[in-house]
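Text of the file entry_12.json, holding JSON, N, CA and C atoms:
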```json
[["chain", "number", "residue", "atom", "x", "y", "z"],
["A", 1, "MET", "N", -26.15, 19.12, 16.83],
["A", 1, "MET", "CA", -25.62, 17.88, 17.31],
["A", 1, "MET", "C", -25.96, 17.75, 18.80],
["A", 2, "GLY", "N", -26.64, 16.69, 19.12],
["A", 2, "GLY", "CA", -27.05, 16.48, 20.49],
["A", 2, "GLY", "C", -26.01, 15.72, 21.29],
["A", 3, "ILE", "N", -26.28, 15.61, 22.58],
["A", 3, "ILE", "CA", -25.35, 14.92, 23.48],
["A", 3, "ILE", "C", -25.20, 13.45, 23.09],
["A", 4, "ARG", "N", -26.29, 12.84, 22.63],
["A", 4, "ARG", "CA", -26.23, 11.44, 22.22],
["A", 4, "ARG", "C", -25.29, 11.27, 21.02],
["A", 5, "ASP", "N", -25.34, 12.21, 20.08],
["A", 5, "ASP", "CA", -24.45, 12.15, 18.92],
["A", 5, "ASP", "C", -22.98, 12.27, 19.34],
["A", 6, "ILE", "N", -22.73, 13.13, 20.30],
["A", 6, "ILE", "CA", -21.36, 13.31, 20.79],
["A", 6, "ILE", "C", -20.86, 12.03, 21.45],
["A", 7, "ILE", "N", -21.71, 11.43, 22.28],
["A", 7, "ILE", "CA", -21.33, 10.20, 22.97],
["A", 7, "ILE", "C", -21.09, 9.08, 21.97],
["A", 8, "GLU", "N", -21.99, 8.94, 21.01],
["A", 8, "GLU", "CA", -21.82, 7.90, 19.99],
["A", 8, "GLU", "C", -20.55, 8.13, 19.17],
["A", 9, "GLY", "N", -20.28, 9.38, 18.87],
["A", 9, "GLY", "CA", -19.07, 9.70, 18.12],
["A", 9, "GLY", "C", -17.81, 9.33, 18.89],
["A", 10, "LYS", "N", -17.81, 9.59, 20.18],
["A", 10, "LYS", "CA", -16.66, 9.23, 21.01],
["A", 10, "LYS", "C", -16.51, 7.72, 21.09],
["A", 11, "GLU", "N", -17.61, 7.01, 21.22],
["A", 11, "GLU", "CA", -17.56, 5.55, 21.27],
["A", 11, "GLU", "C", -17.01, 4.98, 19.97],
["A", 12, "GLN", "N", -17.45, 5.53, 18.85],
["A", 12, "GLN", "CA", -16.95, 5.07, 17.56],
["A", 12, "GLN", "C", -15.46, 5.36, 17.42],
["A", 13, "TRP", "N", -15.03, 6.54, 17.88],
["A", 13, "TRP", "CA", -13.61, 6.90, 17.79],
["A", 13, "TRP", "C", -12.77, 5.97, 18.66],
["A", 14, "ARG", "N", -13.25, 5.65, 19.86],
["A", 14, "ARG", "CA", -12.51, 4.74, 20.74],
["A", 14, "ARG", "C", -12.41, 3.35, 20.12],
["A", 15, "ALA", "N", -13.47, 2.90, 19.48],
["A", 15, "ALA", "CA", -13.45, 1.59, 18.81],
["A", 15, "ALA", "C", -12.44, 1.63, 17.65],
["A", 16, "HIS", "N", -12.41, 2.75, 16.94],
["A", 16, "HIS", "CA", -11.46, 2.93, 15.85],
["A", 16, "HIS", "C", -10.03, 2.86, 16.37],
["A", 17, "LEU", "N", -9.76, 3.55, 17.49],
["A", 17, "LEU", "CA", -8.42, 3.53, 18.08],
["A", 17, "LEU", "C", -8.03, 2.13, 18.55],
["A", 18, "ALA", "N", -8.99, 1.38, 19.06],
["A", 18, "ALA", "CA", -8.71, 0.01, 19.50],
["A", 18, "ALA", "C", -8.32, -0.87, 18.31],
["A", 19, "ARG", "N", -8.96, -0.65, 17.18],
["A", 19, "ARG", "CA", -8.61, -1.41, 15.96],
["A", 19, "ARG", "C", -7.20, -1.07, 15.51],
["A", 20, "ILE", "N", -6.81, 0.19, 15.63],
["A", 20, "ILE", "CA", -5.46, 0.61, 15.25],
["A", 20, "ILE", "C", -4.44, -0.08, 16.16],
["A", 21, "LYS", "N", -4.72, -0.10, 17.45],
["A", 21, "LYS", "CA", -3.79, -0.71, 18.40],
["A", 21, "LYS", "C", -3.65, -2.22, 18.20],
["A", 22, "ALA", "N", -4.62, -2.84, 17.54],
["A", 22, "ALA", "CA", -4.57, -4.28, 17.28],
["A", 22, "ALA", "C", -3.72, -4.60, 16.05],
["A", 23, "LEU", "N", -3.35, -3.58, 15.28],
["A", 23, "LEU", "CA", -2.52, -3.80, 14.09],
["A", 23, "LEU", "C", -1.08, -4.09, 14.50],
["A", 24, "PRO", "N", -0.30, -4.74, 13.63],
["A", 24, "PRO", "CA", 1.13, -4.91, 13.89],
["A", 24, "PRO", "C", 1.81, -3.53, 13.99],
["A", 25, "PRO", "N", 2.92, -3.45, 14.71],
["A", 25, "PRO", "CA", 3.58, -2.16, 14.95],
["A", 25, "PRO", "C", 3.90, -1.36, 13.68],
["A", 26, "ASP", "N", 4.37, -2.01, 12.61],
["A", 26, "ASP", "CA", 4.70, -1.25, 11.39],
["A", 26, "ASP", "C", 3.44, -0.63, 10.77],
["A", 27, "TYR", "N", 2.34, -1.34, 10.84],
["A", 27, "TYR", "CA", 1.07, -0.81, 10.33],
["A", 27, "TYR", "C", 0.62, 0.39, 11.19],
["A", 28, "GLN", "N", 0.78, 0.27, 12.49],
["A", 28, "GLN", "CA", 0.38, 1.36, 13.38],
["A", 28, "GLN", "C", 1.17, 2.63, 13.07],
["A", 29, "ILE", "N", 2.46, 2.48, 12.88],
["A", 29, "ILE", "CA", 3.31, 3.65, 12.59],
["A", 29, "ILE", "C", 2.86, 4.32, 11.30],
["A", 30, "VAL", "N", 2.68, 3.55, 10.25],
["A", 30, "VAL", "CA", 2.29, 4.12, 8.96],
["A", 30, "VAL", "C", 0.88, 4.72, 9.05],
["A", 31, "TYR", "N", -0.04, 4.03, 9.69],
["A", 31, "TYR", "CA", -1.40, 4.55, 9.82],
["A", 31, "TYR", "C", -1.39, 5.89, 10.55],
["A", 32, "ASN", "N", -0.65, 5.96, 11.66],
["A", 32, "ASN", "CA", -0.61, 7.20, 12.43],
["A", 32, "ASN", "C", 0.01, 8.34, 11.64],
["A", 33, "GLU", "N", 1.02, 8.04, 10.83],
["A", 33, "GLU", "CA", 1.62, 9.08, 9.98],
["A", 33, "GLU", "C", 0.62, 9.54, 8.91],
["A", 34, "MET", "N", -0.10, 8.59, 8.34],
["A", 34, "MET", "CA", -1.10, 8.95, 7.33],
["A", 34, "MET", "C", -2.20, 9.81, 7.96],
["A", 35, "GLN", "N", -2.65, 9.42, 9.13],
["A", 35, "GLN", "CA", -3.68, 10.18, 9.83],
["A", 35, "GLN", "C", -3.20, 11.60, 10.12],
["A", 36, "ARG", "N", -1.98, 11.72, 10.62],
["A", 36, "ARG", "CA", -1.41, 13.04, 10.92],
["A", 36, "ARG", "C", -1.34, 13.88, 9.64],
["A", 37, "TYR", "N", -0.93, 13.26, 8.54],
["A", 37, "TYR", "CA", -0.83, 13.95, 7.25],
["A", 37, "TYR", "C", -2.20, 14.47, 6.81],
["A", 38, "TYR", "N", -3.20, 13.60, 6.89],
["A", 38, "TYR", "CA", -4.55, 14.01, 6.47],
["A", 38, "TYR", "C", -5.12, 15.09, 7.37],
["A", 39, "PHE", "N", -4.86, 15.01, 8.66],
["A", 39, "PHE", "CA", -5.35, 16.06, 9.56],
["A", 39, "PHE", "C", -4.65, 17.38, 9.28],
["A", 40, "LYS", "N", -3.41, 17.31, 8.82],
["A", 40, "LYS", "CA", -2.66, 18.53, 8.53],
["A", 40, "LYS", "C", -3.14, 19.21, 7.25],
["A", 41, "ILE", "N", -3.30, 18.43, 6.17],
["A", 41, "ILE", "CA", -3.70, 19.05, 4.91],
["A", 41, "ILE", "C", -5.21, 19.21, 4.81],
["A", 42, "GLY", "N", -5.95, 18.41, 5.56],
["A", 42, "GLY", "CA", -7.39, 18.58, 5.67],
["A", 42, "GLY", "C", -8.21, 18.35, 4.43],
["A", 43, "PRO", "N", -8.29, 17.11, 3.94],
["A", 43, "PRO", "CA", -9.24, 16.86, 2.85],
["A", 43, "PRO", "C", -10.65, 17.20, 3.33],
["A", 44, "VAL", "N", -11.37, 17.97, 2.56],
["A", 44, "VAL", "CA", -12.69, 18.45, 2.96],
["A", 44, "VAL", "C", -13.64, 17.29, 3.26],
["A", 45, "ASP", "N", -13.54, 16.22, 2.50],
["A", 45, "ASP", "CA", -14.46, 15.11, 2.68],
["A", 45, "ASP", "C", -13.85, 13.94, 3.45],
["A", 46, "LEU", "N", -12.91, 14.23, 4.35],
["A", 46, "LEU", "CA", -12.25, 13.18, 5.13],
["A", 46, "LEU", "C", -13.24, 12.33, 5.90],
["A", 47, "VAL", "N", -14.19, 12.95, 6.54],
["A", 47, "VAL", "CA", -15.17, 12.22, 7.34],
["A", 47, "VAL", "C", -16.25, 11.61, 6.46],
["A", 48, "GLU", "N", -16.74, 12.36, 5.50],
["A", 48, "GLU", "CA", -17.84, 11.89, 4.66],
["A", 48, "GLU", "C", -17.49, 10.64, 3.88],
["A", 49, "ARG", "N", -16.27, 10.54, 3.42],
["A", 49, "ARG", "CA", -15.85, 9.38, 2.62],
["A", 49, "ARG", "C", -15.36, 8.24, 3.48],
["A", 50, "ASN", "N", -15.31, 8.44, 4.80],
["A", 50, "ASN", "CA", -14.78, 7.42, 5.70],
["A", 50, "ASN", "C", -13.40, 6.96, 5.27],
["A", 51, "LEU", "N", -12.58, 7.90, 4.88],
["A", 51, "LEU", "CA", -11.25, 7.61, 4.37],
["A", 51, "LEU", "C", -10.41, 6.84, 5.38],
["A", 52, "LEU", "N", -10.38, 7.31, 6.61],
["A", 52, "LEU", "CA", -9.55, 6.65, 7.61],
["A", 52, "LEU", "C", -10.05, 5.25, 7.93],
["A", 53, "ALA", "N", -11.35, 5.08, 7.99],
["A", 53, "ALA", "CA", -11.92, 3.75, 8.25],
["A", 53, "ALA", "C", -11.60, 2.80, 7.09],
["A", 54, "GLY", "N", -11.62, 3.32, 5.88],
["A", 54, "GLY", "CA", -11.29, 2.51, 4.71],
["A", 54, "GLY", "C", -9.84, 2.07, 4.72],
["A", 55, "ILE", "N", -8.96, 2.98, 5.10],
["A", 55, "ILE", "CA", -7.54, 2.65, 5.20],
["A", 55, "ILE", "C", -7.33, 1.58, 6.27],
["A", 56, "LEU", "N", -8.02, 1.75, 7.39],
["A", 56, "LEU", "CA", -7.91, 0.77, 8.48],
["A", 56, "LEU", "C", -8.39, -0.60, 8.03],
["A", 57, "ASP", "N", -9.49, -0.65, 7.32],
["A", 57, "ASP", "CA", -9.98, -1.93, 6.78],
["A", 57, "ASP", "C", -8.93, -2.58, 5.87],
["A", 58, "PHE", "N", -8.36, -1.76, 4.98],
["A", 58, "PHE", "CA", -7.34, -2.22, 4.05],
["A", 58, "PHE", "C", -6.12, -2.76, 4.80],
["A", 59, "PHE", "N", -5.70, -2.05, 5.83],
["A", 59, "PHE", "CA", -4.56, -2.48, 6.63],
["A", 59, "PHE", "C", -4.86, -3.77, 7.39],
["A", 60, "GLU", "N", -6.04, -3.89, 7.94],
["A", 60, "GLU", "CA", -6.41, -5.12, 8.65],
["A", 60, "GLU", "C", -6.37, -6.33, 7.72],
["A", 61, "GLU", "N", -6.86, -6.15, 6.51],
["A", 61, "GLU", "CA", -6.83, -7.24, 5.53],
["A", 61, "GLU", "C", -5.38, -7.61, 5.18],
["A", 62, "GLY", "N", -4.53, -6.61, 4.97],
["A", 62, "GLY", "CA", -3.13, -6.87, 4.64],
["A", 62, "GLY", "C", -2.41, -7.57, 5.77],
["A", 63, "ALA", "N", -2.66, -7.13, 7.00],
["A", 63, "ALA", "CA", -2.04, -7.76, 8.15],
["A", 63, "ALA", "C", -2.51, -9.20, 8.30],
["A", 64, "ALA", "N", -3.79, -9.44, 8.07],
["A", 64, "ALA", "CA", -4.34, -10.80, 8.15],
["A", 64, "ALA", "C", -3.72, -11.72, 7.10],
["A", 65, "ASP", "N", -3.36, -11.14, 5.96],
["A", 65, "ASP", "CA", -2.72, -11.92, 4.88],
["A", 65, "ASP", "C", -1.21, -12.09, 5.11],
["A", 66, "GLY", "N", -0.70, -11.48, 6.19],
["A", 66, "GLY", "CA", 0.71, -11.61, 6.51],
["A", 66, "GLY", "C", 1.63, -10.72, 5.69],
["A", 67, "LYS", "N", 1.09, -9.69, 5.07],
["A", 67, "LYS", "CA", 1.90, -8.78, 4.26],
["A", 67, "LYS", "C", 2.43, -7.64, 5.12],
["A", 68, "GLY", "N", 3.57, -7.12, 4.76],
["A", 68, "GLY", "CA", 4.10, -5.93, 5.39],
["A", 68, "GLY", "C", 3.35, -4.71, 4.85],
["A", 69, "VAL", "N", 3.29, -3.68, 5.64],
["A", 69, "VAL", "CA", 2.52, -2.50, 5.24],
["A", 69, "VAL", "C", 3.06, -1.87, 3.95],
["A", 70, "LEU", "N", 4.38, -1.85, 3.79],
["A", 70, "LEU", "CA", 4.94, -1.25, 2.58],
["A", 70, "LEU", "C", 4.72, -2.11, 1.35],
["A", 71, "GLU", "N", 4.43, -3.40, 1.54],
["A", 71, "GLU", "CA", 4.04, -4.24, 0.41],
["A", 71, "GLU", "C", 2.69, -3.79, -0.13],
["A", 72, "LEU", "N", 1.85, -3.29, 0.75],
["A", 72, "LEU", "CA", 0.51, -2.85, 0.34],
["A", 72, "LEU", "C", 0.51, -1.48, -0.33],
["A", 73, "ILE", "N", 1.25, -0.56, 0.27],
["A", 73, "ILE", "CA", 1.14, 0.82, -0.18],
["A", 73, "ILE", "C", 2.34, 1.32, -0.96],
["A", 74, "GLY", "N", 3.44, 0.59, -0.94],
["A", 74, "GLY", "CA", 4.65, 1.04, -1.62],
["A", 74, "GLY", "C", 5.55, 1.81, -0.67],
["A", 75, "ASP", "N", 6.72, 2.19, -1.17],
["A", 75, "ASP", "CA", 7.72, 2.86, -0.33],
["A", 75, "ASP", "C", 7.41, 4.33, -0.08],
["A", 76, "ASP", "N", 6.63, 4.95, -0.94],
["A", 76, "ASP", "CA", 6.33, 6.38, -0.82],
["A", 76, "ASP", "C", 4.95, 6.57, -0.20],
["A", 77, "VAL", "N", 4.95, 6.69, 1.12],
["A", 77, "VAL", "CA", 3.69, 6.79, 1.86],
["A", 77, "VAL", "C", 2.94, 8.07, 1.48],
["A", 78, "ALA", "N", 3.66, 9.17, 1.32],
["A", 78, "ALA", "CA", 3.02, 10.44, 0.97],
["A", 78, "ALA", "C", 2.34, 10.34, -0.40],
["A", 79, "ALA", "N", 2.98, 9.70, -1.35],
["A", 79, "ALA", "CA", 2.39, 9.55, -2.68],
["A", 79, "ALA", "C", 1.12, 8.70, -2.60],
["A", 80, "PHE", "N", 1.15, 7.67, -1.77],
["A", 80, "PHE", "CA", -0.04, 6.84, -1.57],
["A", 80, "PHE", "C", -1.17, 7.69, -0.98],
["A", 81, "CYS", "N", -0.86, 8.48, 0.02],
["A", 81, "CYS", "CA", -1.86, 9.36, 0.64],
["A", 81, "CYS", "C", -2.43, 10.34, -0.37],
["A", 82, "ASP", "N", -1.55, 10.97, -1.13],
["A", 82, "ASP", "CA", -2.00, 11.94, -2.12],
["A", 82, "ASP", "C", -2.88, 11.30, -3.18],
["A", 83, "ASP", "N", -2.55, 10.08, -3.58],
["A", 83, "ASP", "CA", -3.33, 9.39, -4.59],
["A", 83, "ASP", "C", -4.75, 9.12, -4.09],
["A", 84, "LEU", "N", -4.90, 8.83, -2.80],
["A", 84, "LEU", "CA", -6.23, 8.55, -2.25],
["A", 84, "LEU", "C", -7.14, 9.77, -2.26],
["A", 85, "ILE", "N", -6.55, 10.96, -2.21],
["A", 85, "ILE", "CA", -7.36, 12.17, -2.15],
["A", 85, "ILE", "C", -7.17, 13.06, -3.38],
["A", 86, "LYS", "N", -6.67, 12.49, -4.47],
["A", 86, "LYS", "CA", -6.33, 13.31, -5.64],
["A", 86, "LYS", "C", -7.52, 14.07, -6.21],
["A", 87, "ASP", "N", -8.73, 13.57, -6.03],
["A", 87, "ASP", "CA", -9.92, 14.25, -6.55],
["A", 87, "ASP", "C", -10.66, 15.04, -5.48],
["A", 88, "SER", "N", -10.07, 15.17, -4.31],
["A", 88, "SER", "CA", -10.71, 15.87, -3.20],
["A", 88, "SER", "C", -10.10, 17.24, -3.00],
["A", 89, "ARG", "N", -10.93, 18.17, -2.63],
["A", 89, "ARG", "CA", -10.42, 19.49, -2.26],
["A", 89, "ARG", "C", -9.91, 19.42, -0.83],
["A", 90, "THR", "N", -8.89, 20.20, -0.53],
["A", 90, "THR", "CA", -8.36, 20.25, 0.83],
["A", 90, "THR", "C", -8.56, 21.65, 1.39],
["A", 91, "TYR", "N", -8.55, 21.72, 2.72],
["A", 91, "TYR", "CA", -8.65, 23.02, 3.36],
["A", 91, "TYR", "C", -7.42, 23.87, 3.04],
["A", 92, "ALA", "N", -6.29, 23.21, 2.84],
["A", 92, "ALA", "CA", -5.07, 23.94, 2.46],
["A", 92, "ALA", "C", -5.26, 24.63, 1.11],
["A", 93, "GLU", "N", -5.87, 23.95, 0.14],
["A", 93, "GLU", "CA", -6.14, 24.55, -1.17],
["A", 93, "GLU", "C", -7.13, 25.71, -1.05],
["A", 94, "ILE", "N", -8.15, 25.52, -0.26],
["A", 94, "ILE", "CA", -9.14, 26.58, -0.07],
["A", 94, "ILE", "C", -8.49, 27.80, 0.54],
["A", 95, "TYR", "N", -7.61, 27.59, 1.51],
["A", 95, "TYR", "CA", -6.91, 28.70, 2.13],
["A", 95, "TYR", "C", -6.02, 29.42, 1.13],
["A", 96, "GLN", "N", -5.25, 28.65, 0.34],
["A", 96, "GLN", "CA", -4.37, 29.26, -0.66],
["A", 96, "GLN", "C", -5.16, 30.09, -1.66],
["A", 97, "GLU", "N", -6.31, 29.58, -2.07],
["A", 97, "GLU", "CA", -7.16, 30.32, -3.00],
["A", 97, "GLU", "C", -7.66, 31.61, -2.37],
["A", 98, "SER", "N", -8.00, 31.56, -1.09],
["A", 98, "SER", "CA", -8.55, 32.74, -0.42],
["A", 98, "SER", "C", -7.53, 33.84, -0.27],
["A", 99, "ILE", "N", -6.25, 33.49, -0.08],
["A", 99, "ILE", "CA", -5.25, 34.56, 0.09],
["A", 99, "ILE", "C", -4.75, 35.10, -1.25],
["A", 100, "LYS", "N", -5.03, 34.38, -2.34],
["A", 100, "LYS", "CA", -4.63, 34.86, -3.66],
["A", 100, "LYS", "C", -5.65, 35.82, -4.26],
["A", 101, "GLN", "N", -6.88, 35.71, -3.82],
["A", 101, "GLN", "CA", -7.93, 36.55, -4.39],
["A", 101, "GLN", "C", -7.92, 37.91, -3.70],
["A", 102, "PRO", "N", -8.12, 38.97, -4.50],
["A", 102, "PRO", "CA", -8.17, 40.31, -3.90],
["A", 102, "PRO", "C", -9.42, 40.44, -3.04],
["A", 103, "PRO", "N", -9.31, 41.20, -1.97],
["A", 103, "PRO", "CA", -10.48, 41.39, -1.10],
["A", 103, "PRO", "C", -11.59, 42.12, -1.84],
["A", 104, "THR", "N", -12.82, 41.75, -1.54],
["A", 104, "THR", "CA", -13.97, 42.42, -2.15],
["A", 104, "THR", "C", -14.40, 43.56, -1.25],
["A", 105, "ALA", "N", -14.76, 44.66, -1.88],
["A", 105, "ALA", "CA", -15.14, 45.84, -1.11],
["A", 105, "ALA", "C", -16.61, 46.01, -1.01]]
```
Could the structure of this file be written out as structure tokens, please?
Amino acid sequence: MGIRDIIEGKEQWRAHLARIKALPPDYQIVYNEMQRYYFKIGPVDLVERNLLAGILDFFEEGAADGKGVLELIGDDVAAFCDDLIKDSRTYAEIYQESIKQPPTA
């Protein structure tokens, strides 16, 4: 990864953060909680699938339609998050598998 890639990545992240700040407050709170949840459990393909960008797009559309965030995702935010990554492996699962297997000699 070159310096140009790093700079472009930072610019994209700043643009992403600006989009989040443009959301209504309830959307911002839920988005930030979802982001924190995903960073904690670590879906392996979080970046490759553009999961966070997709959620942001979905939220922007809902806000533009005048809907509340819980109208879009339901009352159980964690269940919504889990459903989005139900077919994805997480770093937490990989770690659990690694500590269950006996060490190889």
**Q.** Shortest interatomic distance to A:Val77 - which of A:Ile20, A:Val30, A:Ala63, A:Leu52, counting all atoms listed in the file
**A.** A:Val30
Q: Mind the document's chain letters and residue numbers, and return as an MDAnalysis selection string the residues of stretch 1-61 of chain A that DSSP labels alpha helix (DSSP H).
A: chainID A and resid 3:21 25:41 51:61
Residue selection dump (N, CA and C atoms) as a compact mmCIF listing (two decimals), in the coordinates of the input:
```txt
# COMPACT_ATOMS: atom_id res chain seq x y z
N ILE A 3 -26.28 15.61 22.58
CA ILE A 3 -25.35 14.92 23.48
C ILE A 3 -25.20 13.45 23.09
N ARG A 4 -26.29 12.84 22.63
CA ARG A 4 -26.23 11.44 22.22
C ARG A 4 -25.29 11.27 21.02
N ASP A 5 -25.34 12.21 20.08
CA ASP A 5 -24.45 12.15 18.92
C ASP A 5 -22.98 12.27 19.34
N ILE A 6 -22.73 13.13 20.30
CA ILE A 6 -21.36 13.31 20.79
C ILE A 6 -20.86 12.03 21.45
N ILE A 7 -21.71 11.43 22.28
CA ILE A 7 -21.33 10.20 22.97
C ILE A 7 -21.09 9.08 21.97
N GLU A 8 -21.99 8.94 21.01
CA GLU A 8 -21.82 7.90 19.99
C GLU A 8 -20.55 8.13 19.17
N GLY A 9 -20.28 9.38 18.87
CA GLY A 9 -19.07 9.70 18.12
C GLY A 9 -17.81 9.33 18.89
N LYS A 10 -17.81 9.59 20.18
CA LYS A 10 -16.66 9.23 21.01
C LYS A 10 -16.51 7.72 21.09
N GLU A 11 -17.61 7.01 21.22
CA GLU A 11 -17.56 5.55 21.27
C GLU A 11 -17.01 4.98 19.97
N GLN A 12 -17.45 5.53 18.85
CA GLN A 12 -16.95 5.07 17.56
C GLN A 12 -15.46 5.36 17.42
N TRP A 13 -15.03 6.54 17.88
CA TRP A 13 -13.61 6.90 17.79
C TRP A 13 -12.77 5.97 18.66
N ARG A 14 -13.25 5.65 19.86
CA ARG A 14 -12.51 4.74 20.74
C ARG A 14 -12.41 3.35 20.12
N ALA A 15 -13.47 2.90 19.48
CA ALA A 15 -13.45 1.59 18.81
C ALA A 15 -12.44 1.63 17.65
N HIS A 16 -12.41 2.75 16.94
CA HIS A 16 -11.46 2.93 15.85
C HIS A 16 -10.03 2.86 16.37
N LEU A 17 -9.76 3.55 17.49
CA LEU A 17 -8.42 3.53 18.08
C LEU A 17 -8.03 2.13 18.55
N ALA A 18 -8.99 1.38 19.06
CA ALA A 18 -8.71 0.01 19.50
C ALA A 18 -8.32 -0.87 18.31
N ARG A 19 -8.96 -0.65 17.18
CA ARG A 19 -8.61 -1.41 15.96
C ARG A 19 -7.20 -1.07 15.51
N ILE A 20 -6.81 0.19 15.63
CA ILE A 20 -5.46 0.61 15.25
C ILE A 20 -4.44 -0.08 16.16
N LYS A 21 -4.72 -0.10 17.45
CA LYS A 21 -3.79 -0.71 18.40
C LYS A 21 -3.65 -2.22 18.20
N PRO A 25 2.92 -3.45 14.71
CA PRO A 25 3.58 -2.16 14.95
C PRO A 25 3.90 -1.36 13.68
N ASP A 26 4.37 -2.01 12.61
CA ASP A 26 4.70 -1.25 11.39
C ASP A 26 3.44 -0.63 10.77
N TYR A 27 2.34 -1.34 10.84
CA TYR A 27 1.07 -0.81 10.33
C TYR A 27 0.62 0.39 11.19
N GLN A 28 0.78 0.27 12.49
CA GLN A 28 0.38 1.36 13.38
C GLN A 28 1.17 2.63 13.07
N ILE A 29 2.46 2.48 12.88
CA ILE A 29 3.31 3.65 12.59
C ILE A 29 2.86 4.32 11.30
N VAL A 30 2.68 3.55 10.25
CA VAL A 30 2.29 4.12 8.96
C VAL A 30 0.88 4.72 9.05
N TYR A 31 -0.04 4.03 9.69
CA TYR A 31 -1.40 4.55 9.82
C TYR A 31 -1.39 5.89 10.55
N ASN A 32 -0.65 5.96 11.66
CA ASN A 32 -0.61 7.20 12.43
C ASN A 32 0.01 8.34 11.64
N GLU A 33 1.02 8.04 10.83
CA GLU A 33 1.62 9.08 9.98
C GLU A 33 0.62 9.54 8.91
N MET A 34 -0.10 8.59 8.34
CA MET A 34 -1.10 8.95 7.33
C MET A 34 -2.20 9.81 7.96
N GLN A 35 -2.65 9.42 9.13
CA GLN A 35 -3.68 10.18 9.83
C GLN A 35 -3.20 11.60 10.12
N ARG A 36 -1.98 11.72 10.62
CA ARG A 36 -1.41 13.04 10.92
C ARG A 36 -1.34 13.88 9.64
N TYR A 37 -0.93 13.26 8.54
CA TYR A 37 -0.83 13.95 7.25
C TYR A 37 -2.20 14.47 6.81
N TYR A 38 -3.20 13.60 6.89
CA TYR A 38 -4.55 14.01 6.47
C TYR A 38 -5.12 15.09 7.37
N PHE A 39 -4.86 15.01 8.66
CA PHE A 39 -5.35 16.06 9.56
C PHE A 39 -4.65 17.38 9.28
N LYS A 40 -3.41 17.31 8.82
CA LYS A 40 -2.66 18.53 8.53
C LYS A 40 -3.14 19.21 7.25
N ILE A 41 -3.30 18.43 6.17
CA ILE A 41 -3.70 19.05 4.91
C ILE A 41 -5.21 19.21 4.81
N LEU A 51 -12.58 7.90 4.88
CA LEU A 51 -11.25 7.61 4.37
C LEU A 51 -10.41 6.84 5.38
N LEU A 52 -10.38 7.31 6.61
CA LEU A 52 -9.55 6.65 7.61
C LEU A 52 -10.05 5.25 7.93
N ALA A 53 -11.35 5.08 7.99
CA ALA A 53 -11.92 3.75 8.25
C ALA A 53 -11.60 2.80 7.09
N GLY A 54 -11.62 3.32 5.88
CA GLY A 54 -11.29 2.51 4.71
C GLY A 54 -9.84 2.07 4.72
N ILE A 55 -8.96 2.98 5.10
CA ILE A 55 -7.54 2.65 5.20
C ILE A 55 -7.33 1.58 6.27
N LEU A 56 -8.02 1.75 7.39
CA LEU A 56 -7.91 0.77 8.48
C LEU A 56 -8.39 -0.60 8.03
N ASP A 57 -9.49 -0.65 7.32
CA ASP A 57 -9.98 -1.93 6.78
C ASP A 57 -8.93 -2.58 5.87
N PHE A 58 -8.36 -1.76 4.98
CA PHE A 58 -7.34 -2.22 4.05
C PHE A 58 -6.12 -2.76 4.80
N PHE A 59 -5.70 -2.05 5.83
CA PHE A 59 -4.56 -2.48 6.63
C PHE A 59 -4.86 -3.77 7.39
N GLU A 60 -6.04 -3.89 7.94
CA GLU A 60 -6.41 -5.12 8.65
C GLU A 60 -6.37 -6.33 7.72
N GLU A 61 -6.86 -6.15 6.51
CA GLU A 61 -6.83 -7.24 5.53
C GLU A 61 -5.38 -7.61 5.18
```
Q.
What does the structure give for the distance between atom CA of A:Glu97 and atom CA of A:Ile85, in Å to one decimal?
A.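 These two atoms are separated by 18.2 Å.
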(Q) Just to confirm, what's the straight-line distance from atom CA of A:Lys67 to atom CA of A:Pro24 in Å (one decimal)? (A) 10.4 Å
Around stretch 64-71 of chain A, fit a box with edges along x, y and z, padding it by 6 Å on each side, then list its centre and edge lengths in Å to one decimal as JSON.
```
{"center_x": 0.3, "center_y": -6.7, "center_z": 4.0, "size_x": 21.3, "size_y": 22.8, "size_z": 20.3}
```
Q. Around (-0.2, 5.9, 13.1) in the file's frame, which residues reach within 12 Å when counting only C-alpha atoms? Return as a list of chain:residue names?
A.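 Residues with an atom at most 12 Å from (-0.2, 5.9, 13.1): A:His16, A:Leu17, A:Arg19, A:Ile20, A:Lys21, A:Ala22, A:Leu23, A:Pro24, A:Pro25, A:Asp26, A:Tyr27, A:Gln28, A:Ile29, A:Val30, A:Tyr31, A:Asn32, A:Glu33, A:Met34, A:Gln35, A:Arg36, A:Tyr37, A:Tyr38, A:Phe39, A:Leu52, A:Ile55, A:Leu56, A:Phe59, A:Val69, A:Val77.
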Q) Out of A:Ala18, A:Val44, A:Glu11, A:Ala53, which residue has the shortest atom-to-atom distance to A:Asp87 when counting only C-alpha atoms? A)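 Nearest to A:Asp87: A:Val44.
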Q. Mind pulling up the distance from atom CA of A:Glu71 to atom CA of A:Lys86?
A. 21.3 Å
